[in-house]
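*Asks:* Just one file: input.cif, with mmCIF, C-alpha atoms.
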```
data_data
loop_
_atom_site.label_atom_id
_atom_site.label_comp_id
_atom_site.auth_asym_id
_atom_site.auth_seq_id
_atom_site.Cartn_x
_atom_site.Cartn_y
_atom_site.Cartn_z
CA MET A 262 27.76 0.55 5.02
CA PHE A 263 24.05 0.71 5.41
CA VAL A 264 22.05 3.28 7.27
CA ARG A 265 18.92 2.46 9.20
CA VAL A 266 16.64 5.05 10.75
CA LEU A 267 15.00 4.03 14.01
CA ALA A 268 12.10 6.28 15.00
CA ALA A 269 12.42 10.01 14.59
CA LEU A 270 15.21 10.43 17.07
CA TYR A 271 18.46 9.04 15.70
CA LEU A 272 20.36 7.33 12.90
CA VAL A 273 22.09 3.99 13.28
CA VAL A 274 25.08 3.26 11.04
CA SER A 275 26.37 -0.31 10.81
CA VAL A 276 29.16 -1.87 8.77
CA ALA A 277 27.32 -4.72 7.06
CA GLY A 278 26.68 -4.13 3.40
CA ILE A 279 26.67 -1.36 0.83
CA SER A 280 24.78 1.90 1.08
CA ILE A 281 22.41 2.87 -1.71
CA GLY A 282 22.55 6.52 -2.66
CA PRO A 283 19.59 8.55 -3.89
CA ILE A 284 18.70 8.59 -7.55
CA ASN A 285 17.74 11.94 -9.03
CA ILE A 286 14.75 11.05 -11.18
CA GLY A 287 12.89 14.27 -10.47
CA PHE A 288 9.95 14.98 -8.15
CA PRO A 289 7.25 17.64 -8.15
CA GLY A 290 7.52 20.22 -5.41
CA PRO A 291 7.46 19.80 -1.63
CA GLY A 292 4.21 19.02 0.16
CA PRO A 293 2.83 19.22 3.69
CA ALA A 294 4.12 16.93 6.38
CA VAL A 295 2.32 13.64 6.87
CA LYS A 296 0.11 13.83 9.94
CA ASN A 297 -3.31 12.21 9.43
CA ILE A 298 -3.39 8.44 9.00
CA ILE A 299 -6.18 5.92 8.49
CA LEU A 300 -5.24 2.53 9.95
CA THR A 301 -6.84 -0.64 8.63
CA ASN A 302 -6.19 -4.38 8.15
CA ASP A 303 -7.93 -7.65 7.26
CA ASP A 304 -7.55 -9.43 10.62
CA GLY A 305 -10.05 -7.32 12.46
CA TRP A 306 -10.27 -4.28 14.68
CA ALA A 307 -9.62 -6.09 17.97
CA THR A 308 -6.36 -7.95 17.27
CA ALA A 309 -3.26 -7.32 19.34
CA MET A 310 -1.28 -6.30 16.26
CA MET A 311 -3.82 -3.66 15.28
CA ARG A 312 -3.93 -1.98 18.67
CA ALA A 313 -0.13 -2.15 19.09
CA GLN A 314 0.27 -0.46 15.73
CA MET A 315 -2.20 2.27 16.59
CA ASP A 316 -0.37 2.97 19.86
CA ALA A 317 3.00 3.08 18.09
CA LEU A 318 1.78 5.52 15.44
CA ILE A 319 0.24 7.81 18.06
CA ALA A 320 3.47 7.68 20.08
CA GLU A 321 5.30 8.96 16.97
CA GLY A 322 2.98 11.95 16.81
CA TYR A 323 0.60 10.88 14.05
CA ASN A 324 -3.11 11.65 14.16
CA VAL A 325 -4.60 8.16 13.73
CA VAL A 326 -8.11 6.84 13.13
CA MET A 327 -8.79 3.11 12.80
CA SER A 328 -11.31 1.74 10.31
CA ALA A 329 -11.08 -2.05 10.24
CA PRO A 330 -13.31 -5.10 9.73
CA SER A 331 -15.44 -6.21 12.67
CA GLU A 332 -14.04 -9.73 12.38
CA ASN A 333 -11.27 -11.64 10.66
CA GLN A 334 -11.49 -11.11 6.90
CA SER A 335 -8.14 -12.64 5.94
CA GLY A 336 -7.82 -13.81 2.36
CA THR A 337 -10.67 -11.68 1.03
CA SER A 338 -8.45 -9.79 -1.42
CA SER A 339 -10.39 -6.86 -2.95
CA LYS A 340 -13.89 -8.20 -2.34
CA SER A 341 -16.52 -5.60 -1.59
CA ALA A 342 -20.06 -5.58 -0.19
CA PRO A 343 -22.21 -3.07 1.67
CA PRO A 344 -21.74 -3.31 5.46
CA THR A 345 -24.58 -5.08 7.26
CA VAL A 346 -25.95 -5.35 10.79
CA LEU A 347 -24.02 -8.01 12.72
CA ASN A 348 -25.62 -11.45 12.87
CA ILE A 349 -22.70 -12.73 14.96
CA THR A 350 -20.56 -10.99 17.56
CA CYS A 351 -17.51 -8.99 16.54
CA GLU A 352 -14.21 -10.83 16.98
CA PHE A 353 -13.33 -11.65 20.60
CA GLY A 354 -16.85 -10.59 21.62
CA THR A 355 -16.09 -6.89 21.21
CA CYS A 356 -19.60 -6.08 19.98
CA ASP A 357 -22.94 -7.86 20.20
CA VAL A 358 -25.22 -9.55 17.70
CA GLY A 359 -27.47 -6.88 16.27
CA SER A 360 -24.82 -4.16 16.47
CA PRO A 361 -24.94 -1.65 13.62
CA ALA A 362 -23.13 -2.20 10.34
CA VAL A 363 -20.48 0.33 11.36
CA GLY A 364 -19.61 1.18 14.92
CA THR A 365 -17.13 2.70 17.29
CA ASN A 366 -15.37 1.88 20.53
CA ALA A 367 -17.33 3.38 23.42
CA SER A 368 -14.21 4.74 25.12
CA ASN A 369 -12.31 5.85 22.01
CA THR A 370 -14.24 7.05 18.96
CA ARG A 371 -11.10 6.85 16.84
CA ILE A 372 -11.36 3.04 16.95
CA ASN A 373 -14.00 1.97 14.44
CA TYR A 374 -15.27 -1.26 12.91
CA VAL A 375 -17.00 -1.96 9.61
CA ASN A 376 -18.97 -5.18 9.23
CA SER A 377 -17.74 -6.01 5.75
CA PHE A 378 -14.50 -6.56 3.85
CA PRO A 379 -11.19 -4.69 4.26
CA VAL A 380 -11.85 -2.72 1.07
CA ASN A 381 -15.11 -1.47 2.56
CA ALA A 382 -13.40 -0.67 5.84
CA VAL A 383 -10.85 1.57 4.15
CA GLN A 384 -13.58 3.13 1.97
CA TYR A 385 -15.50 4.05 5.14
CA GLY A 386 -12.34 5.46 6.65
CA LEU A 387 -11.70 7.64 3.61
CA SER A 388 -15.26 8.78 2.94
CA THR A 389 -16.68 9.18 6.46
CA LEU A 390 -14.05 9.07 9.20
CA ALA A 391 -11.39 11.20 7.54
CA PRO A 392 -13.72 14.17 6.95
CA LYS A 393 -14.99 13.81 10.53
CA PHE A 394 -11.61 13.70 12.26
CA PHE A 395 -9.26 15.33 9.73
CA ASN A 396 -11.63 17.79 8.04
CA GLY A 397 -10.61 16.29 4.74
CA LYS A 398 -8.66 13.46 3.18
CA PRO A 399 -6.03 11.55 5.17
CA ASP A 400 -2.37 11.97 4.27
CA PHE A 401 -1.73 8.25 4.27
CA VAL A 402 -3.19 4.79 4.88
CA VAL A 403 -1.39 2.12 6.90
CA SER A 404 -2.76 -1.37 6.28
CA GLY A 405 -1.66 -3.93 8.84
CA PRO A 406 0.64 -5.30 9.99
CA ASN A 407 -1.07 -8.47 8.88
CA VAL A 408 -1.07 -11.60 11.03
CA GLY A 409 1.41 -13.61 8.93
CA THR A 410 3.49 -12.64 5.93
CA ASN A 411 2.02 -11.95 2.49
CA LEU A 412 4.37 -13.32 -0.15
CA LEU A 413 4.03 -14.60 -3.73
CA GLY A 414 0.45 -15.84 -4.27
CA ASP A 415 -0.64 -14.26 -0.97
CA VAL A 416 -0.31 -10.86 -2.61
CA MET A 417 -3.35 -11.49 -4.80
CA ASN A 418 -5.43 -12.93 -1.96
CA SER A 419 -4.57 -10.73 1.01
CA GLY A 420 -7.24 -8.40 2.32
CA THR A 421 -4.53 -6.30 3.97
CA ILE A 422 -2.95 -5.70 0.57
CA GLY A 423 -6.41 -5.30 -0.98
CA ALA A 424 -7.14 -2.44 1.42
CA ALA A 425 -3.85 -0.69 0.62
CA CYS A 426 -4.53 -1.08 -3.10
CA GLU A 427 -8.01 0.40 -2.68
CA ALA A 428 -6.59 3.46 -0.94
CA ALA A 429 -3.97 3.90 -3.67
CA LYS A 430 -6.63 3.65 -6.37
CA GLN A 431 -8.53 6.42 -4.57
CA GLY A 432 -5.46 8.64 -4.68
CA ILE A 433 -4.29 8.15 -1.08
CA PRO A 434 -0.75 6.77 -0.66
CA ALA A 435 -0.76 3.50 1.27
CA VAL A 436 1.51 0.66 2.34
CA ALA A 437 0.60 -2.90 3.38
CA PHE A 438 2.65 -4.38 6.24
CA SER A 439 2.76 -8.05 7.26
CA GLY A 440 4.65 -9.93 9.96
CA SER A 441 5.67 -13.38 11.11
CA ASN A 442 5.31 -14.75 14.67
CA LEU A 443 1.80 -13.39 14.92
CA SER A 444 -1.38 -15.20 15.87
CA GLN A 445 -5.00 -14.11 15.84
CA ILE A 446 -5.08 -12.96 19.46
CA ALA A 447 -7.07 -10.25 21.22
CA TYR A 448 -5.60 -6.85 21.98
CA THR A 449 -6.03 -7.56 25.70
CA THR A 450 -3.10 -9.98 25.42
CA LEU A 451 -0.75 -7.02 25.08
CA LEU A 452 -1.44 -6.29 28.75
CA SER A 453 -2.25 -9.74 30.11
CA ASP A 454 0.79 -11.45 28.54
CA PRO A 455 3.17 -8.80 27.21
CA THR A 456 6.14 -11.18 27.05
CA SER A 457 4.42 -13.79 24.84
CA ILE A 458 5.93 -14.18 21.37
CA ASP A 459 2.76 -12.74 19.81
CA SER A 460 2.84 -9.64 22.00
CA ARG A 461 6.56 -9.16 21.45
CA ALA A 462 6.11 -9.55 17.69
CA SER A 463 3.28 -7.02 17.78
CA PHE A 464 5.45 -4.46 19.55
CA LEU A 465 8.48 -5.10 17.35
CA ASN A 466 6.57 -5.07 14.07
CA SER A 467 4.89 -1.83 15.09
CA LYS A 468 8.30 -0.31 15.72
CA LEU A 469 9.57 -1.49 12.33
CA THR A 470 6.50 0.05 10.69
CA THR A 471 7.11 3.46 12.24
CA THR A 472 10.80 3.20 11.34
CA PHE A 473 9.88 2.60 7.70
CA LEU A 474 7.29 5.39 7.64
CA HIS A 475 9.72 7.87 9.15
CA THR A 476 12.06 7.34 6.22
CA LEU A 477 9.29 7.25 3.61
CA PHE A 478 7.92 10.57 4.89
CA ALA A 479 11.29 12.26 5.46
CA SER A 480 11.43 13.98 2.09
CA PRO A 481 8.95 16.84 1.58
CA ALA A 482 8.78 15.94 -2.14
CA ARG A 483 5.35 14.90 -3.37
CA PRO A 484 3.82 12.55 -4.31
CA ILE A 485 4.92 10.14 -1.58
CA LEU A 486 4.27 7.27 -3.98
CA PRO A 487 3.35 7.26 -7.67
CA ALA A 488 -0.32 7.03 -8.61
CA ASN A 489 -1.86 3.54 -8.34
CA ILE A 490 1.24 2.15 -6.64
CA THR A 491 1.55 0.59 -3.20
CA LEU A 492 4.24 -1.26 -1.27
CA ASN A 493 4.18 -4.77 0.14
CA VAL A 494 6.36 -4.82 3.27
CA ASN A 495 7.07 -8.07 5.16
CA PHE A 496 8.86 -8.61 8.45
CA SER A 497 10.82 -11.83 9.00
CA PRO A 498 10.35 -13.82 12.26
CA ILE A 499 11.51 -12.33 15.54
CA THR A 500 12.94 -15.67 16.68
CA GLN A 501 16.52 -14.55 16.13
CA CYS A 502 15.73 -10.85 15.89
CA THR A 503 14.91 -9.43 19.28
CA SER A 504 15.36 -5.74 18.47
CA ALA A 505 14.46 -3.39 15.65
CA PHE A 506 18.19 -2.70 15.44
CA ASP A 507 18.69 -6.28 14.19
CA TYR A 508 16.71 -5.80 10.97
CA LYS A 509 17.92 -4.85 7.50
CA PHE A 510 15.49 -3.42 4.94
CA VAL A 511 15.84 -4.83 1.43
CA LEU A 512 14.24 -3.68 -1.82
CA THR A 513 12.69 -6.77 -3.43
CA ARG A 514 10.31 -8.01 -6.10
CA VAL A 515 7.26 -10.25 -5.59
CA GLU A 516 7.78 -12.80 -8.35
CA PRO A 517 10.99 -14.85 -8.45
CA ILE A 518 12.85 -14.71 -11.74
CA GLY A 519 11.45 -17.38 -14.04
CA GLN A 520 7.97 -17.28 -12.53
CA GLY A 521 4.99 -15.26 -13.68
CA GLY A 522 6.92 -13.93 -16.65
CA ALA A 523 9.63 -12.38 -14.47
CA VAL A 524 12.84 -11.86 -16.44
CA ALA A 525 16.29 -11.09 -15.03
CA GLY A 526 17.77 -7.67 -15.63
CA GLN A 527 14.51 -5.71 -15.75
CA ASP A 528 14.61 -4.08 -12.30
CA VAL A 529 16.07 -0.82 -11.00
CA GLN A 530 19.85 -0.86 -10.77
CA THR A 531 21.01 -1.15 -7.18
CA CYS A 532 23.54 -3.22 -5.26
CA GLY A 533 25.43 -3.74 -8.51
CA THR A 534 22.61 -5.51 -10.35
CA THR A 535 19.40 -4.90 -12.25
CA THR A 536 17.70 -7.97 -10.78
CA LEU A 537 16.13 -7.52 -7.36
CA PRO A 538 15.96 -10.49 -4.97
CA ASP A 539 12.45 -11.87 -4.54
CA GLU A 540 10.72 -11.25 -1.24
CA SER A 541 10.11 -14.92 -0.47
CA THR A 542 13.81 -15.81 -0.76
CA VAL A 543 14.81 -12.93 1.50
CA SER A 544 12.05 -13.55 4.04
CA HIS A 545 12.84 -17.27 4.31
CA SER A 546 16.61 -16.86 4.40
CA GLY A 547 16.75 -17.13 8.18
CA GLY A 548 18.04 -13.60 8.68
CA CYS A 549 16.55 -10.47 10.17
CA PHE A 550 15.06 -8.78 7.13
CA VAL A 551 12.26 -6.48 6.09
CA THR A 552 11.35 -6.88 2.42
CA VAL A 553 9.94 -3.97 0.45
CA SER A 554 8.27 -4.80 -2.89
CA VAL A 555 6.74 -2.16 -5.16
CA ILE A 556 3.47 -3.31 -6.70
CA ASP A 557 0.79 -2.07 -9.07
CA ALA A 558 -2.32 -1.38 -6.99
CA VAL A 559 -4.64 -2.29 -9.85
CA ASN A 560 -3.12 -5.62 -10.92
CA LYS A 561 -1.10 -6.44 -7.76
CA VAL A 562 2.05 -7.30 -9.71
CA ASP A 563 5.64 -6.06 -9.84
CA VAL A 564 6.25 -2.70 -11.49
CA ASP A 565 8.86 -1.42 -13.94
CA ALA A 566 12.34 -0.20 -13.07
CA LYS A 567 11.41 3.50 -13.25
CA THR A 568 8.69 3.07 -10.63
CA GLN A 569 11.01 1.03 -8.42
CA ALA A 570 13.56 3.83 -8.75
CA PHE A 571 11.02 6.35 -7.46
CA VAL A 572 10.68 4.32 -4.25
CA LEU A 573 14.42 3.68 -4.02
CA ASN A 574 15.00 7.42 -4.16
CA ARG A 575 12.71 7.96 -1.15
CA ILE A 576 13.91 5.18 1.12
CA GLY A 577 17.43 4.45 -0.15
CA GLN A 578 19.09 5.51 3.10
CA LEU A 579 17.18 2.76 4.91
CA LEU A 580 18.06 -0.05 2.53
CA SER A 581 20.87 -2.61 2.45
CA CYS A 582 21.96 -5.21 -0.08
CA PHE A 583 20.91 -8.82 0.33
CA THR A 584 23.77 -11.29 0.14
CA GLY A 585 22.16 -14.08 2.15
CA ALA A 586 21.26 -14.49 5.82
#
```
In structure tokens, how does this file's structure come out?

*Replies:*
Amino acid sequence: MFVRVLAALYLVVSVAGISIGPINIGFPGPGPAVKNIILTNDDGWATAMMRAQMDALIAEGYNVVMSAPSENQSGTSSKSAPPTVLNITCEFGTCDVGSPAVGTNASNTRINYVNSFPVNAVQYGLSTLAPKFFNGKPDFVVSGPNVGTNLLGDVMNSGTIGAACEAAKQGIPAVAFSGSNLSQIAYTTLLSDPTSIDSRASFLNSKLTTTFLHTLFASPARPILPANITLNVNFSPITQCTSAFDYKFVLTRVEPIGQGGAVAGQDVQTCGTTTLPDESTVSHSGGCFVTVSVIDAVNKVDVDAKTQAFVLNRIGQLLSCFTGA
């Protein structure tokens, strides 16, 4: 059996695999509940996915502040530069030429842009916005969901992952989320065309994100994630997966065995093996899957079995075993 948690309201149990029990590897003591979240990405502050995610997090009771690039900064990895006055408009014309280097939505000051790279956007969120709105550091950083999956070589290049890694390196737990069936469309599409595949994917991916976070945050044990570690989470296409109930979460690795020095038998033991499936194989299998890979925030590579076990212990109730689509 596998157990999936959908939102904070109920558990769903389905006969379709093998449950993964918790591993007692030892945690420090309990910590405060997660409440304050900085939301960022690399696709820009005005995309449909970004606004859908913000709405979904708020609906779950989180205190959310957005700090995202003023325009699409996909593929910028961990690049960094001081924010500058805009010499072009923000994406989808959401701010004018000559607008300041950092700015806010006139009707909602919790929606903020930074005219630079994703790393700089999350830095601004941590150093300026969090003290302003949270009176201190945030509890967590959500990066994404990205427009399009981030698998294999994308991990090194993604600005969405770069932002999550930056937060982790600054001591704030963070996860990067990425989804299929998404296009670079304006947030206004969520209202003007809510049944389009992009809008539906935005809503569904946002739901999957809150489902994952609910499980990750369920234990009061701290830290939420080990130091300098982040997670790369990818949602498979919604083509055959019309509900969050359809998805299975799978613990994966980034590099396939035989590539990048990856050797079989080096991963955490789960599902009867010490070799995790790679995220690309699972994502492209044609099934309804969410892959969860544990990566080093400094080098953006797979981690050792002990670190994987830490994550497995936190989210094991959500996971199922991959046996194909």

*Asks:* Around segment 409-428 of chain A, with edges along x, y and z and 6 Å added on all six sides, what centre and edge lengths do you get, in Å to one decimal, as lines of an AutoDock Vina configuration file?

*Replies:*
```
center_x = -1.8
center_y = -6.2
center_z = 2.1
size_x = 24.4
size_y = 31.3
size_z = 25.7
```

*Asks:* Would you write out, as a list in words, every residue that the PyMOL selection byres ((chain A and resi 500-517) around 6) captures in this file?

*Replies:*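 For this structure, the PyMOL selection byres ((chain A and resi 500-517) around 6) captures Leu413, Pro498, Ile499, Ile518, Gln520, Leu537, Pro538, Asp539, Glu540, Cys549, Phe550, Val551, Thr552, Val553, Ser554, Leu580 and Ser581 of chain A.
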
*Asks:* Produce a table with one row for each residue of segment 389-455 of chain A that has an atom at most 12 Å from any atom of segment 365-375 of chain A, each row naming the nearest atom pair and its distance in Å at one decimal; use all atoms listed in the file; arrange rows by chain and rising residue number; format as a Markdown table.

*Replies:*
```
| residue | atom | partner | partner_atom | distance |
| --- | --- | --- | --- | --- |
| A:Thr389 | CA | A:Asn373 | CA | 11.1 |
| A:Leu390 | CA | A:Arg371 | CA | 8.5 |
| A:Ala391 | CA | A:Arg371 | CA | 10.3 |
| A:Lys393 | CA | A:Arg371 | CA | 10.2 |
| A:Phe394 | CA | A:Arg371 | CA | 8.3 |
| A:Phe395 | CA | A:Arg371 | CA | 11.2 |
```

*Asks:* Name the closest residue to Ile576 of chain A among the candidates A:Ser335, A:Thr476, A:Asn489, A:Ser460; distances are taken between atoms, counting all atoms listed in the file.

*Replies:* A:Thr476

*Asks:* Which one is closest to Lys296 of chain A: A:Pro399, A:Val363, A:Gln569, A:Ile349? Count all atoms listed in the file.

*Replies:*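 Of the candidates, the smallest distance to Lys296 of chain A is held by A:Pro399.
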
*Asks:* How close does each residue of segment 559-582 of chain A get to segment 414-436 of chain A, giving the shortest atom pair and distance in Å to one decimal for every residue with an atom at most 12 Å away, counting only C-alpha atoms, sorted by chain and residue number, as a Markdown table?

*Replies:*
```
| residue | atom | partner | partner_atom | distance |
| --- | --- | --- | --- | --- |
| A:Val559 | CA | A:Cys426 | CA | 6.9 |
| A:Asn560 | CA | A:Met417 | CA | 8.5 |
| A:Lys561 | CA | A:Met417 | CA | 6.3 |
| A:Val562 | CA | A:Val416 | CA | 8.3 |
| A:Asp563 | CA | A:Val416 | CA | 10.5 |
| A:Val572 | CA | A:Val436 | CA | 11.9 |
```

*Asks:* Pull C-alpha atoms from the residues just selected and write them as a PDB file, in the frame of the given file.

*Replies:*
```
ATOM      1  CA  VAL A 559      -4.640  -2.290  -9.850  1.00  0.00           C
ATOM      2  CA  ASN A 560      -3.120  -5.620 -10.920  1.00  0.00           C
ATOM      3  CA  LYS A 561      -1.100  -6.440  -7.760  1.00  0.00           C
ATOM      4  CA  VAL A 562       2.050  -7.300  -9.710  1.00  0.00           C
ATOM      5  CA  ASP A 563       5.640  -6.060  -9.840  1.00  0.00           C
ATOM      6  CA  VAL A 572      10.680   4.320  -4.250  1.00  0.00           C
TER       7      VAL A 572
END
```

*Asks:* How many Å lie between atom CA of Gly364 of chain A and atom CA of Asn348 of chain A, rounded to one decimal?

*Replies:*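 Distance between the two atoms: 14.1 Å.
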
*Asks:* Which residue is closest to Met311 of chain A? Choose from A:Gly386, A:Gly440, A:Gly547, A:Gly405 and count all atoms listed in the file.

*Replies:*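 For Met311 of chain A, the nearest of the given residues is A:Gly405.
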
*Asks:* Atom CA of Ile485 of chain A and atom CA of Phe401 of chain A, how far apart in Å?

*Replies:*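 Interatomic distance here is 9.1 Å.
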
*Asks:* How far is it from atom CA of Ile299 of chain A to atom CA of Thr470 of chain A, in Å with one decimal?

*Replies:*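 Those two atoms sit 14.1 Å apart.
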
*Asks:* Could you list, as a VMD selection string, every residue matched by the PyMOL selection byres ((chain A and resi 451) around 9) in this structure?

*Replies:* chain A and resid 309 to 310 312 to 313 447 to 450 452 to 457 459 to 461 463 to 464

*Asks:* Which polymer residues, whether protein, DNA or RNA, lie within 7 Å of the coordinate (-1.7, -6.9, 8.9) when you count all atoms listed in the file? List them as an NGL selection string, using the chain letters and numbers from the file.

*Replies:* :A and (302-304 or 404-408 or 421 or 438-439)

*Asks:* Let me make sure I understand: among A:Ala437, A:Cys356, A:Thr337, A:Lys468, which one has the smallest atom-to-atom distance to Glu321 of chain A if we use all atoms listed in the file?

*Replies:* A:Lys468

*Asks:* Distance cut-off 8 Å, centre (11.3, -1.0, -16.0) in file coordinates, counting all atoms listed in the file: which residues qualify? Return them as a list of chain:residue names.

*Replies:*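 Output: A:Gln527, A:Asp528, A:Val529, A:Val564, A:Asp565, A:Ala566, A:Lys567, A:Thr568, A:Gln569.
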
*Asks:* When the PyMOL selection byres ((chain A and resi 300) around 8) is applied to the structure above, which residues does it catch, written out as a list in words?

*Replies:*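 So the PyMOL selection byres ((chain A and resi 300) around 8), applied here, picks out Ile298, Ile299, Thr301, Asn302, Met315, Val325, Val326, Met327, Ser328, Ala329, Val402, Val403, Ser404 and Gly405 of chain A.
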
*Asks:* For each of A:Leu486, A:Ala307, A:Cys582, A:Leu492, take the minimum atom-to-atom distance to Phe353 of chain A, counting all atoms listed in the file, then give the residue where this is smallest.

*Replies:* A:Ala307

*Asks:* Hey, which of A:Gly409, A:Ile556, A:Ser541, A:Ser467 ends up closest to Thr491 of chain A? Count only C-alpha atoms.

*Replies:*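 Among A:Gly409, A:Ile556, A:Ser541, A:Ser467, it is A:Ile556 that comes nearest to Thr491 of chain A.
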